[in-house]
Amino acid sequence: MSRPPPPPPSRPIKVLMLHGFTQSGPNFRAKTRALEKNLLKAFPAGISLHYPTAPIRLALADIPFPVAQTTNEAGEVEEPDAWAWWRRKGDREPYAYEGLELGLERIADALKTEGPFDGVIGFSQGGACAGMLASLLEPGRREAFEKFYPSGGMRFPESFEADTGYIEGTIHPPLKFAVSYSGFAARGLGTYKAFYEPKISTPMLHFLGSLDVVVEEARSLALVEACEKSEGRVVYHPGGHFLPSSQKAYVAALIGFIKDVLHAAEGGEKEEESVEDMDVPF
């Protein structure tokens, strides 16, 4: 039986929005206008969405699928307005993520200049970043990076180290929630193991497209499995590689999840609600 959702928070909340591969912050915002309007209605005390653009400019040669091309007045083909948080190297897993440190540095800049944030929502490559970001801000994560570094793991990102004089400091408090649409885990390569071991404890909701041919389901489920609690936090939509920003059932699942975790974070006594208790088709 469905339980009534908790009330929305009585204060404004702030969410970091991370775009996908070949997108930009303004482009991602344009694609999620409907979602933004629905969120504004659901959180009357206020909700602000912040859309940074990734730092790595992509050339046409970097994009493995056809994109619309524009020409300048001289008839020359212009490079697309396409950006990435990293460039993937390799034809199959395990992949290497070239420029990941730059991508994380841009996110760290957003945390410092536009935060603090309550949560993060990411799509595709941005969904993978959402999991990484939630992980990096959790207590004790630095020790995991130090553990795996001698065997080939990456160092804890310098851009996330707080300038406090204390080695355990980070630049931002732990997030209250994270949401991934068509995201994935950087699995199979020891370089990135510290993001997922120990498992991500931040409450995280996962949306997967049942017809997604861009990100294989197994890669998305690897991120699900990397979370400490995943039961009841996976929603399938009957579409491909996109963020369902206007379909009522999937927007309701997102809103219910955010209200629930914020209510719990603020000391609410309500038992956490699974998306399975909502009116959501799977």
# chains A, B, ... in the order shown; residues from 1 in each chain; ligands from 1
>>> residues_around(residues="A:Leu58", least_positions_apart="5", cutoff="8 Å", atoms="only C-alpha atoms", output="MDAnalysis selection string")
chainID A and resid 22 63 79:84
>>> write_last_selection(atoms="all heavy atoms", output="PDB file, in the first residue's frame")
ATOM      1  N   THR A  22      29.234  15.260 -24.763  1.00  0.00           N
ATOM      2  CA  THR A  22      28.907  16.109 -25.930  1.00  0.00           C
ATOM      3  C   THR A  22      27.897  17.206 -25.612  1.00  0.00           C
ATOM      4  O   THR A  22      27.551  17.991 -26.499  1.00  0.00           O
ATOM      5  CB  THR A  22      28.397  15.316 -27.165  1.00  0.00           C
ATOM      6  OG1 THR A  22      27.046  14.898 -26.956  1.00  0.00           O
ATOM      7  CG2 THR A  22      29.294  14.141 -27.474  1.00  0.00           C
ATOM      8  N   ILE A  63      34.069  12.622 -31.317  1.00  0.00           N
ATOM      9  CA  ILE A  63      32.683  12.198 -31.128  1.00  0.00           C
ATOM     10  C   ILE A  63      32.398  10.999 -32.028  1.00  0.00           C
ATOM     11  O   ILE A  63      32.462  11.116 -33.260  1.00  0.00           O
ATOM     12  CB  ILE A  63      31.711  13.350 -31.443  1.00  0.00           C
ATOM     13  CG1 ILE A  63      32.054  14.567 -30.566  1.00  0.00           C
ATOM     14  CG2 ILE A  63      30.274  12.917 -31.213  1.00  0.00           C
ATOM     15  CD1 ILE A  63      31.267  15.816 -30.901  1.00  0.00           C
ATOM     16  N   GLU A  79      33.728  23.781 -34.956  1.00  0.00           N
ATOM     17  CA  GLU A  79      33.712  22.710 -33.971  1.00  0.00           C
ATOM     18  C   GLU A  79      32.407  22.791 -33.184  1.00  0.00           C
ATOM     19  O   GLU A  79      31.905  23.885 -32.908  1.00  0.00           O
ATOM     20  CB  GLU A  79      34.907  22.816 -33.021  1.00  0.00           C
ATOM     21  CG  GLU A  79      36.253  22.576 -33.685  1.00  0.00           C
ATOM     22  CD  GLU A  79      36.416  21.143 -34.180  1.00  0.00           C
ATOM     23  OE1 GLU A  79      35.588  20.272 -33.813  1.00  0.00           O
ATOM     24  OE2 GLU A  79      37.364  20.895 -34.940  1.00  0.00           O
ATOM     25  N   PRO A  80      31.836  21.661 -32.805  1.00  0.00           N
ATOM     26  CA  PRO A  80      30.553  21.676 -32.094  1.00  0.00           C
ATOM     27  C   PRO A  80      30.699  22.208 -30.674  1.00  0.00           C
ATOM     28  O   PRO A  80      31.794  22.211 -30.098  1.00  0.00           O
ATOM     29  CB  PRO A  80      30.153  20.202 -32.087  1.00  0.00           C
ATOM     30  CG  PRO A  80      31.458  19.461 -32.143  1.00  0.00           C
ATOM     31  CD  PRO A  80      32.355  20.301 -33.009  1.00  0.00           C
ATOM     32  N   ASP A  81      29.580  22.695 -30.128  1.00  0.00           N
ATOM     33  CA  ASP A  81      29.546  23.123 -28.733  1.00  0.00           C
ATOM     34  C   ASP A  81      29.357  21.878 -27.879  1.00  0.00           C
ATOM     35  O   ASP A  81      28.290  21.625 -27.318  1.00  0.00           O
ATOM     36  CB  ASP A  81      28.404  24.111 -28.513  1.00  0.00           C
ATOM     37  CG  ASP A  81      28.349  24.628 -27.076  1.00  0.00           C
ATOM     38  OD1 ASP A  81      29.415  24.691 -26.429  1.00  0.00           O
ATOM     39  OD2 ASP A  81      27.231  24.947 -26.606  1.00  0.00           O
ATOM     40  N   ALA A  82      30.414  21.070 -27.822  1.00  0.00           N
ATOM     41  CA  ALA A  82      30.347  19.753 -27.178  1.00  0.00           C
ATOM     42  C   ALA A  82      31.481  19.639 -26.172  1.00  0.00           C
ATOM     43  O   ALA A  82      32.634  19.940 -26.491  1.00  0.00           O
ATOM     44  CB  ALA A  82      30.453  18.643 -28.222  1.00  0.00           C
ATOM     45  N   TRP A  83      31.137  19.158 -24.972  1.00  0.00           N
ATOM     46  CA  TRP A  83      32.092  19.133 -23.868  1.00  0.00           C
ATOM     47  C   TRP A  83      32.020  17.804 -23.141  1.00  0.00           C
ATOM     48  O   TRP A  83      31.025  17.072 -23.242  1.00  0.00           O
ATOM     49  CB  TRP A  83      31.790  20.281 -22.900  1.00  0.00           C
ATOM     50  CG  TRP A  83      31.796  21.616 -23.566  1.00  0.00           C
ATOM     51  CD1 TRP A  83      30.767  22.185 -24.289  1.00  0.00           C
ATOM     52  CD2 TRP A  83      32.881  22.545 -23.625  1.00  0.00           C
ATOM     53  NE1 TRP A  83      31.149  23.402 -24.773  1.00  0.00           N
ATOM     54  CE2 TRP A  83      32.441  23.655 -24.385  1.00  0.00           C
ATOM     55  CE3 TRP A  83      34.179  22.551 -23.104  1.00  0.00           C
ATOM     56  CZ2 TRP A  83      33.251  24.761 -24.635  1.00  0.00           C
ATOM     57  CZ3 TRP A  83      34.986  23.650 -23.347  1.00  0.00           C
ATOM     58  CH2 TRP A  83      34.522  24.739 -24.107  1.00  0.00           C
ATOM     59  N   ALA A  84      33.072  17.495 -22.398  1.00  0.00           N
ATOM     60  CA  ALA A  84      33.126  16.223 -21.673  1.00  0.00           C
ATOM     61  C   ALA A  84      33.841  16.419 -20.344  1.00  0.00           C
ATOM     62  O   ALA A  84      34.694  17.298 -20.192  1.00  0.00           O
ATOM     63  CB  ALA A  84      33.845  15.163 -22.500  1.00  0.00           C
TER      64      ALA A  84
END
>>> select_by_dssp(residues="stretch 115-180 of chain A", states="helix (DSSP H, G or I)", output="ChimeraX atom specification")
/A:125-136,141-151,158-160
>>> residues_around(residues="A:Leu175", least_positions_apart="5", cutoff="9 Å", atoms="only C-alpha atoms", output="list in words")
Phe117, Asp118, Gly119, Val120, Leu133, Ala134, Leu137, Glu138, Thr202 and Pro203 of chain A
>>> residues_around(residues="A:Lys147", least_positions_apart="4", cutoff="12 Å", atoms="only C-alpha atoms", output="tab-separated table (two decimals) with C-alpha atoms, in the first residue's frame")
chain	number	residue	atom	x	y	z
A	140	GLY	CA	36.80	8.20	5.11
A	141	ARG	CA	36.96	8.16	1.31
A	142	ARG	CA	40.47	9.58	1.26
A	143	GLU	CA	41.70	6.52	3.14
A	151	SER	CA	48.51	-0.93	-6.55
A	152	GLY	CA	47.73	1.50	-9.37
A	153	GLY	CA	44.76	3.44	-8.03
A	154	MET	CA	44.44	7.16	-8.63
A	155	ARG	CA	45.26	9.66	-5.91
A	156	PHE	CA	42.53	11.43	-4.00
A	190	GLY	CA	41.85	-0.73	-10.38
A	191	THR	CA	42.56	2.93	-11.07
A	192	TYR	CA	39.04	3.92	-9.99
A	193	LYS	CA	38.29	1.26	-7.38
A	194	ALA	CA	38.41	3.72	-4.47
A	195	PHE	CA	35.26	5.46	-5.70
A	197	GLU	CA	35.08	0.39	-2.29
A	198	PRO	CA	33.74	0.83	0.30
>>> residues_around(residues="A:Glu36", least_positions_apart="2", cutoff="9 Å", atoms="only C-alpha atoms", output="ChimeraX atom specification")
/A:29,32-34,38-41,47-49,245
>>> residues_around(residues="A:Pro52", least_positions_apart="2", cutoff="8 Å", atoms="only C-alpha atoms", output="ChimeraX atom specification")
/A:17-18,24-25,50,54,106-107,110
>>> residues_around(residues="stretch 217-220 of chain A", least_positions_apart="2", cutoff="7 Å", atoms="only C-alpha atoms", output="ChimeraX atom specification")
/A:182-185,215,222-224
>>> closest_residue(among="A:Glu266, A:Met204, A:Gln23, A:Gly232", to="A:Arg11", atoms="only C-alpha atoms")
A:Glu266
>>> select_by_dssp(residues="stretch 110-193 of chain A", states="strand (DSSP E or B)", output="ChimeraX atom specification")
/A:119-123,161,170,177-181
>>> atom_distance(atom1="atom CA of A:Trp86", atom2="atom CA of A:Ile56")
6.7 Å
>>> closest_residue(among="A:His19, A:Arg187, A:Gly126, A:Pro139", to="A:Ala96", atoms="only C-alpha atoms")
A:Arg187
